[in-house]
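Colleague: This is the structure I want to talk about, given as structure tokens.
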Amino acid sequence: MKKYFVLIMMALFFSSAMKGQERVGTFSLIPKIGVSLAKLSGAEIYYENTELPAKGKYNARFMGGVEAEYQMLPTTSVSIGVGYVQQGCRFSDIEMGNSQTISESLSDIRHKMDYIQCPLTVNQYVSNGLAVKAGVQLGFLVNSDFSYSLTPMKHFPDGSIEYEKTQDVETDQKSVMRSMDVSIPVGLSYEYLNVVLDARYHFSLTNIYKDKSWPSEKNKVFTITVGYKFNL
């Protein structure tokens with residue numbers, strides 16, 4: 001009896017996994033938009049006359065693109081896509097003390113990097129509409145800049161502070177960056193009524209800087225998107 005029960009449960013599982021998936025040979029397009037949560041591994045910025053560095057933090061930015069999916073097997077498909085993804089890192093605010101009476105505050109410190117990302121993934125549907133995916137992704141650097149807001153401050157003996165005019169500073173960093181980033185995306189997607197929710201983590205394999213003597217920093221990126229599937 002137990003043997004028949006196991007067989008029935010296996011049949012129900014595989015039928016539910018196949019139910020709702022596209023027919024073998026189906027091509028689909030999935031335009032999508034979403035958000036990237038990005039930072040740089042080990043990112044710290046040291047400034048002169050400071051005891052503690054500015055620590056790297058996750059930064060929420062925009063992403064959008066389109067994927068084409070081909071249903072190879074009843075529960076397995078392959079996807080290839082292209083998208084514009086804003087990545088980078090933000091840093092904690094920091095104060096630099098030039099003397100006992102003068103200091104400077106740095107705020108809104110950001111290293112922005114924008115990529116054209118081309119992912120290739122294999123999607124294994126494990127339940128109705130639910131897929132586990134993994135693959136490889138090539139990212140092509142479009143632009144990179146480092147920016148911050150600098151506010152000079154004067155300190156007085158009575159403890160008061162006079163803030164001078166804030167200056168916005170931005171420098172182009174593209175010339176020191178690698179033009180390509182290779183990563184391994186892994187994640188999950190869920191489809192319901194042609195709406196596809198997708199969440200991935202991207203394991204970068206590439207140091208972002210050309211100069212090998214610089215600290216090794218890699219992109220750490222989560223992406224969350226919503227898209228709509230059109231069968232062709």
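Here's how to read the names in the structure tokens: chain A, B, ... by the order shown, residue numbers from 1 in each chain, ligand numbers from 1 in the order shown.
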Between segment 149-208 of chain A and segment 110-130 of chain A, at 9 Å or less, what are the per-residue closest atom pairs and their distances in Å? Count only C-alpha atoms, order by chain and rising residue number, and return it as a Markdown table.

Modeller:
```
| residue | atom | partner | partner_atom | distance |
| --- | --- | --- | --- | --- |
| A:Gln173 | CA | A:His111 | CA | 8.7 |
| A:Lys174 | CA | A:Met113 | CA | 8.6 |
| A:Met180 | CA | A:Tyr115 | CA | 8.7 |
| A:Asp181 | CA | A:Tyr115 | CA | 8.7 |
| A:Ser183 | CA | A:Pro119 | CA | 8.9 |
| A:Ile184 | CA | A:Pro119 | CA | 8.7 |
| A:Pro185 | CA | A:Pro119 | CA | 7.7 |
| A:Val186 | CA | A:Thr121 | CA | 8.4 |
| A:Leu188 | CA | A:Leu130 | CA | 7.2 |
| A:Ser189 | CA | A:Leu130 | CA | 5.9 |
| A:Tyr190 | CA | A:Leu130 | CA | 4.5 |
| A:Glu191 | CA | A:Gly129 | CA | 4.7 |
| A:Tyr192 | CA | A:Gly129 | CA | 6.5 |
| A:Val196 | CA | A:Gly129 | CA | 8.8 |
```

Colleague: Store the residues of this selection in a file with N, CA, C and O atoms, as a short mmCIF file (atom, residue, chain, number, x, y, z; two decimals), in the first residue's frame.

Modeller:
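As written to disk, part_2.cif reads:
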```
data_model
loop_
_atom_site.label_atom_id
_atom_site.label_comp_id
_atom_site.auth_asym_id
_atom_site.auth_seq_id
_atom_site.Cartn_x
_atom_site.Cartn_y
_atom_site.Cartn_z
N GLN A 173 35.13 57.88 -13.65
CA GLN A 173 36.00 56.77 -13.26
C GLN A 173 36.13 55.70 -14.34
O GLN A 173 36.80 54.69 -14.13
N LYS A 174 35.50 55.90 -15.48
CA LYS A 174 35.44 54.83 -16.48
C LYS A 174 36.81 54.39 -16.97
O LYS A 174 37.03 53.21 -17.26
N MET A 180 34.42 44.97 -18.90
CA MET A 180 33.51 43.82 -18.86
C MET A 180 33.48 43.21 -17.47
O MET A 180 34.51 43.12 -16.79
N ASP A 181 32.29 42.79 -17.05
CA ASP A 181 32.11 42.12 -15.77
C ASP A 181 31.43 40.77 -16.04
O ASP A 181 30.37 40.72 -16.67
N SER A 183 29.67 37.40 -14.42
CA SER A 183 29.03 36.99 -13.18
C SER A 183 28.18 35.75 -13.41
O SER A 183 27.87 35.37 -14.55
N ILE A 184 27.79 35.11 -12.30
CA ILE A 184 26.93 33.93 -12.33
C ILE A 184 25.62 34.29 -11.64
O ILE A 184 25.59 34.45 -10.41
N PRO A 185 24.52 34.44 -12.38
CA PRO A 185 23.23 34.73 -11.74
C PRO A 185 22.52 33.44 -11.32
O PRO A 185 22.49 32.46 -12.07
N VAL A 186 21.99 33.45 -10.10
CA VAL A 186 21.16 32.34 -9.61
C VAL A 186 19.92 32.95 -8.96
O VAL A 186 19.98 34.04 -8.38
N LEU A 188 15.22 32.68 -8.48
CA LEU A 188 13.90 32.07 -8.60
C LEU A 188 13.00 33.00 -9.39
O LEU A 188 13.16 34.23 -9.37
N SER A 189 12.03 32.41 -10.08
CA SER A 189 10.98 33.21 -10.71
C SER A 189 9.64 32.52 -10.49
O SER A 189 9.58 31.29 -10.32
N TYR A 190 8.59 33.32 -10.47
CA TYR A 190 7.24 32.77 -10.34
C TYR A 190 6.33 33.46 -11.34
O TYR A 190 6.29 34.69 -11.42
N GLU A 191 5.60 32.64 -12.11
CA GLU A 191 4.71 33.15 -13.15
C GLU A 191 3.26 32.88 -12.80
O GLU A 191 2.89 31.76 -12.42
N TYR A 192 2.42 33.91 -12.91
CA TYR A 192 0.98 33.76 -12.67
C TYR A 192 0.25 34.68 -13.64
O TYR A 192 0.48 35.90 -13.65
N VAL A 196 5.44 37.72 -14.47
CA VAL A 196 6.61 36.98 -13.99
C VAL A 196 7.36 37.82 -12.95
O VAL A 196 7.84 38.91 -13.27
#
```

Colleague: Under the rule of at most 9 Å, produce a per-residue listing of segment 151-225 of chain A near segment 72-92 of chain A: chain, number, name, the closest pair of atoms, and the distance in Å, as CSV, using only C-alpha atoms.

Modeller:
```
residue,atom,partner,partner_atom,distance
A:Asn219,CA,A:Gly88,CA,7.3
A:Lys220,CA,A:Gly88,CA,8.7
A:Val221,CA,A:Gln87,CA,7.4
```

Colleague: Those residues with N, CA, C and O atoms, as a PDB file, in the first residue's frame please?

Modeller:
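Output file selection32.pdb is given in full below:
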```pdb
ATOM      1  N   ASN A 219      31.498  43.390  -7.852  1.00  0.00           N
ATOM      2  CA  ASN A 219      30.092  43.754  -7.719  1.00  0.00           C
ATOM      3  C   ASN A 219      29.333  42.696  -6.925  1.00  0.00           C
ATOM      4  O   ASN A 219      29.524  41.487  -7.134  1.00  0.00           O
ATOM      5  N   LYS A 220      28.488  43.156  -6.015  1.00  0.00           N
ATOM      6  CA  LYS A 220      27.562  42.285  -5.293  1.00  0.00           C
ATOM      7  C   LYS A 220      26.163  42.835  -5.564  1.00  0.00           C
ATOM      8  O   LYS A 220      25.840  43.948  -5.122  1.00  0.00           O
ATOM      9  N   VAL A 221      25.348  42.080  -6.279  1.00  0.00           N
ATOM     10  CA  VAL A 221      24.092  42.631  -6.799  1.00  0.00           C
ATOM     11  C   VAL A 221      22.925  41.667  -6.610  1.00  0.00           C
ATOM     12  O   VAL A 221      23.008  40.492  -7.008  1.00  0.00           O
TER      13      VAL A 221
END
```

Colleague: Could you please determine the separation between atom CA of Ile208 of chain A and atom CA of Met177 of chain A in Å, to one decimal place?

Modeller: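 Pair atom CA of Ile208 of chain A / atom CA of Met177 of chain A returns 5.7 Å.
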
Colleague: Quick one: residues within 10 Å of Ser36 of chain A, only C-alpha atoms, excluding same-chain residues fewer than 4 positions away - as a ChimeraX atom specification?

Modeller: /A:58-64,85-88,199-201,221-225

Colleague: Would you mind exporting all heavy atoms of the selected residues as a compact mmCIF listing (two decimals), in the first residue's frame?

Modeller:
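The resulting out.txt:
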```txt
# COMPACT_ATOMS: atom_id res chain seq x y z
N TYR A 58 24.77 48.95 0.54
CA TYR A 58 23.93 48.65 -0.62
C TYR A 58 23.19 49.90 -1.08
O TYR A 58 22.78 50.74 -0.26
CB TYR A 58 22.92 47.55 -0.29
CG TYR A 58 23.49 46.16 -0.40
CD1 TYR A 58 23.88 45.46 0.74
CD2 TYR A 58 23.65 45.55 -1.65
CE1 TYR A 58 24.41 44.18 0.64
CE2 TYR A 58 24.17 44.27 -1.75
CZ TYR A 58 24.55 43.59 -0.62
OH TYR A 58 25.08 42.33 -0.71
N ASN A 59 23.03 50.00 -2.40
CA ASN A 59 22.39 51.15 -3.01
C ASN A 59 21.29 50.64 -3.94
O ASN A 59 21.52 49.75 -4.76
CB ASN A 59 23.42 51.96 -3.80
CG ASN A 59 22.88 53.29 -4.26
OD1 ASN A 59 22.01 53.87 -3.61
ND2 ASN A 59 23.38 53.79 -5.36
N ALA A 60 20.08 51.18 -3.82
CA ALA A 60 18.96 50.78 -4.66
C ALA A 60 18.91 51.65 -5.91
O ALA A 60 18.86 52.88 -5.81
CB ALA A 60 17.64 50.89 -3.89
N ARG A 61 18.92 51.00 -7.10
CA ARG A 61 18.90 51.73 -8.35
C ARG A 61 17.99 51.00 -9.35
O ARG A 61 17.48 49.92 -9.09
CB ARG A 61 20.31 51.89 -8.92
CG ARG A 61 21.28 52.60 -7.95
CD ARG A 61 22.58 52.93 -8.62
NE ARG A 61 22.42 54.00 -9.61
CZ ARG A 61 23.29 54.23 -10.58
NH1 ARG A 61 24.36 53.45 -10.73
NH2 ARG A 61 23.10 55.21 -11.44
N PHE A 62 17.84 51.58 -10.53
CA PHE A 62 16.88 51.08 -11.54
C PHE A 62 17.51 50.04 -12.45
O PHE A 62 18.71 50.05 -12.73
CB PHE A 62 16.38 52.26 -12.38
CG PHE A 62 15.60 51.85 -13.61
CD1 PHE A 62 14.26 51.51 -13.50
CD2 PHE A 62 16.22 51.78 -14.84
CE1 PHE A 62 13.54 51.12 -14.63
CE2 PHE A 62 15.52 51.41 -15.98
CZ PHE A 62 14.16 51.07 -15.87
N MET A 63 16.68 49.13 -12.96
CA MET A 63 17.08 48.23 -14.02
C MET A 63 15.88 47.93 -14.91
O MET A 63 14.72 48.00 -14.47
CB MET A 63 17.66 46.92 -13.49
CG MET A 63 16.67 46.00 -12.80
SD MET A 63 17.32 44.32 -12.62
CE MET A 63 17.45 43.82 -14.35
N GLY A 64 16.13 47.60 -16.16
CA GLY A 64 15.07 47.24 -17.08
C GLY A 64 15.65 46.51 -18.27
O GLY A 64 16.83 46.67 -18.61
N VAL A 85 21.35 47.99 -16.40
CA VAL A 85 21.33 47.81 -14.95
C VAL A 85 22.24 48.85 -14.31
O VAL A 85 23.43 48.93 -14.62
CB VAL A 85 21.78 46.40 -14.55
CG1 VAL A 85 21.64 46.20 -13.04
CG2 VAL A 85 20.98 45.34 -15.30
N GLN A 86 21.68 49.64 -13.40
CA GLN A 86 22.45 50.61 -12.64
C GLN A 86 22.97 49.94 -11.37
O GLN A 86 22.18 49.45 -10.57
CB GLN A 86 21.58 51.83 -12.31
CG GLN A 86 21.12 52.60 -13.53
CD GLN A 86 20.25 53.79 -13.16
OE1 GLN A 86 19.51 53.76 -12.18
NE2 GLN A 86 20.32 54.85 -13.95
N GLN A 87 24.29 49.93 -11.21
CA GLN A 87 24.91 49.28 -10.06
C GLN A 87 25.80 50.29 -9.32
O GLN A 87 25.65 51.49 -9.49
CB GLN A 87 25.72 48.06 -10.53
CG GLN A 87 24.86 47.00 -11.18
CD GLN A 87 25.65 45.81 -11.68
OE1 GLN A 87 25.13 44.95 -12.39
NE2 GLN A 87 26.93 45.73 -11.34
N GLY A 88 26.71 49.77 -8.51
CA GLY A 88 27.62 50.65 -7.79
C GLY A 88 27.57 50.45 -6.30
O GLY A 88 27.33 49.34 -5.81
N ALA A 199 13.67 37.08 -8.96
CA ALA A 199 14.66 37.55 -7.97
C ALA A 199 15.96 36.78 -8.19
O ALA A 199 15.94 35.54 -8.27
CB ALA A 199 14.15 37.35 -6.56
N ARG A 200 17.08 37.51 -8.31
CA ARG A 200 18.36 36.87 -8.57
C ARG A 200 19.47 37.50 -7.72
O ARG A 200 19.40 38.67 -7.38
CB ARG A 200 18.75 37.00 -10.04
CG ARG A 200 17.73 36.44 -11.02
CD ARG A 200 18.19 36.59 -12.46
NE ARG A 200 17.10 36.30 -13.38
CZ ARG A 200 17.19 36.31 -14.70
NH1 ARG A 200 18.36 36.60 -15.27
NH2 ARG A 200 16.16 36.03 -15.46
N TYR A 201 20.47 36.68 -7.44
CA TYR A 201 21.73 37.20 -6.89
C TYR A 201 22.82 36.92 -7.92
O TYR A 201 22.87 35.83 -8.50
CB TYR A 201 22.08 36.54 -5.56
CG TYR A 201 23.36 37.10 -4.98
CD1 TYR A 201 23.37 38.35 -4.38
CD2 TYR A 201 24.56 36.40 -5.06
CE1 TYR A 201 24.54 38.90 -3.87
CE2 TYR A 201 25.74 36.93 -4.55
CZ TYR A 201 25.72 38.18 -3.96
OH TYR A 201 26.87 38.72 -3.47
N VAL A 221 25.35 42.08 -6.28
CA VAL A 221 24.09 42.63 -6.80
C VAL A 221 22.92 41.67 -6.61
O VAL A 221 23.01 40.49 -7.01
CB VAL A 221 24.22 42.98 -8.30
CG1 VAL A 221 22.96 43.71 -8.78
CG2 VAL A 221 25.46 43.82 -8.57
N PHE A 222 21.84 42.17 -6.01
CA PHE A 222 20.54 41.51 -6.03
C PHE A 222 19.67 42.26 -7.05
O PHE A 222 19.72 43.49 -7.11
CB PHE A 222 19.84 41.60 -4.67
CG PHE A 222 20.49 40.81 -3.58
CD1 PHE A 222 21.42 41.41 -2.73
CD2 PHE A 222 20.16 39.48 -3.37
CE1 PHE A 222 22.01 40.70 -1.71
CE2 PHE A 222 20.75 38.76 -2.35
CZ PHE A 222 21.68 39.36 -1.51
N THR A 223 18.89 41.52 -7.83
CA THR A 223 17.92 42.16 -8.72
C THR A 223 16.54 41.58 -8.48
O THR A 223 16.39 40.36 -8.31
CB THR A 223 18.30 41.99 -10.20
OG1 THR A 223 18.42 40.60 -10.52
CG2 THR A 223 19.61 42.70 -10.52
N ILE A 224 15.55 42.45 -8.49
CA ILE A 224 14.15 42.04 -8.34
C ILE A 224 13.37 42.72 -9.45
O ILE A 224 13.40 43.95 -9.58
CB ILE A 224 13.58 42.46 -6.97
CG1 ILE A 224 14.42 41.85 -5.83
CG2 ILE A 224 12.12 42.02 -6.84
CD1 ILE A 224 14.06 42.36 -4.46
N THR A 225 12.70 41.92 -10.29
CA THR A 225 12.00 42.48 -11.44
C THR A 225 10.59 41.91 -11.53
O THR A 225 10.28 40.83 -11.00
CB THR A 225 12.72 42.19 -12.76
OG1 THR A 225 12.79 40.76 -12.96
CG2 THR A 225 14.13 42.77 -12.75
```

Colleague: Give me, as number ranges by chain, the residues of segment 3-201 of chain A that a backbone DSSP run labels helix (DSSP H, G or I).

Modeller: A: 3-18, 174-176

Colleague: At what distance in Å, to one decimal, does atom CA of Ser179 of chain A lie from atom CA of Phe146 of chain A?

Modeller: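 Calculated distance between atom CA of Phe146 of chain A and atom CA of Ser179 of chain A is 16.3 Å.
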
Colleague: Would you please work out which residue, of A:Leu205, A:Ala43, A:Ile33, A:Ala54, is nearest to Leu138 of chain A when using only C-alpha atoms?

Modeller: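 Closest candidate: A:Leu205.
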
Colleague: From the set A:Lys165, A:Tyr148, A:Leu193, A:Val66, which residue has the shortest atom-to-atom contact distance to Pro31 of chain A, counting only C-alpha atoms?

Modeller: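 Among the listed residues, A:Val66 lies closest to Pro31 of chain A.
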
Colleague: With only C-alpha atoms as the atoms that count, which of A:His202, A:Lys57, A:Lys212, A:Lys154 lies nearest to Gly135 of chain A?

Modeller: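 With only C-alpha atoms as the atom set, the closest residue is A:His202.
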
Colleague: Quick one: distance from atom CA of Leu29 of chain A to atom CA of Leu232 of chain A in Å, one decimal?

Modeller: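 The value is 7.4 Å.
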
Colleague: Using only C-alpha atoms for the distances, tell me which of A:Asp168, A:Glu69, A:Arg178, A:Glu44 is nearest to Arg23 of chain A.

Modeller: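 Nearest to Arg23 of chain A: A:Glu69.
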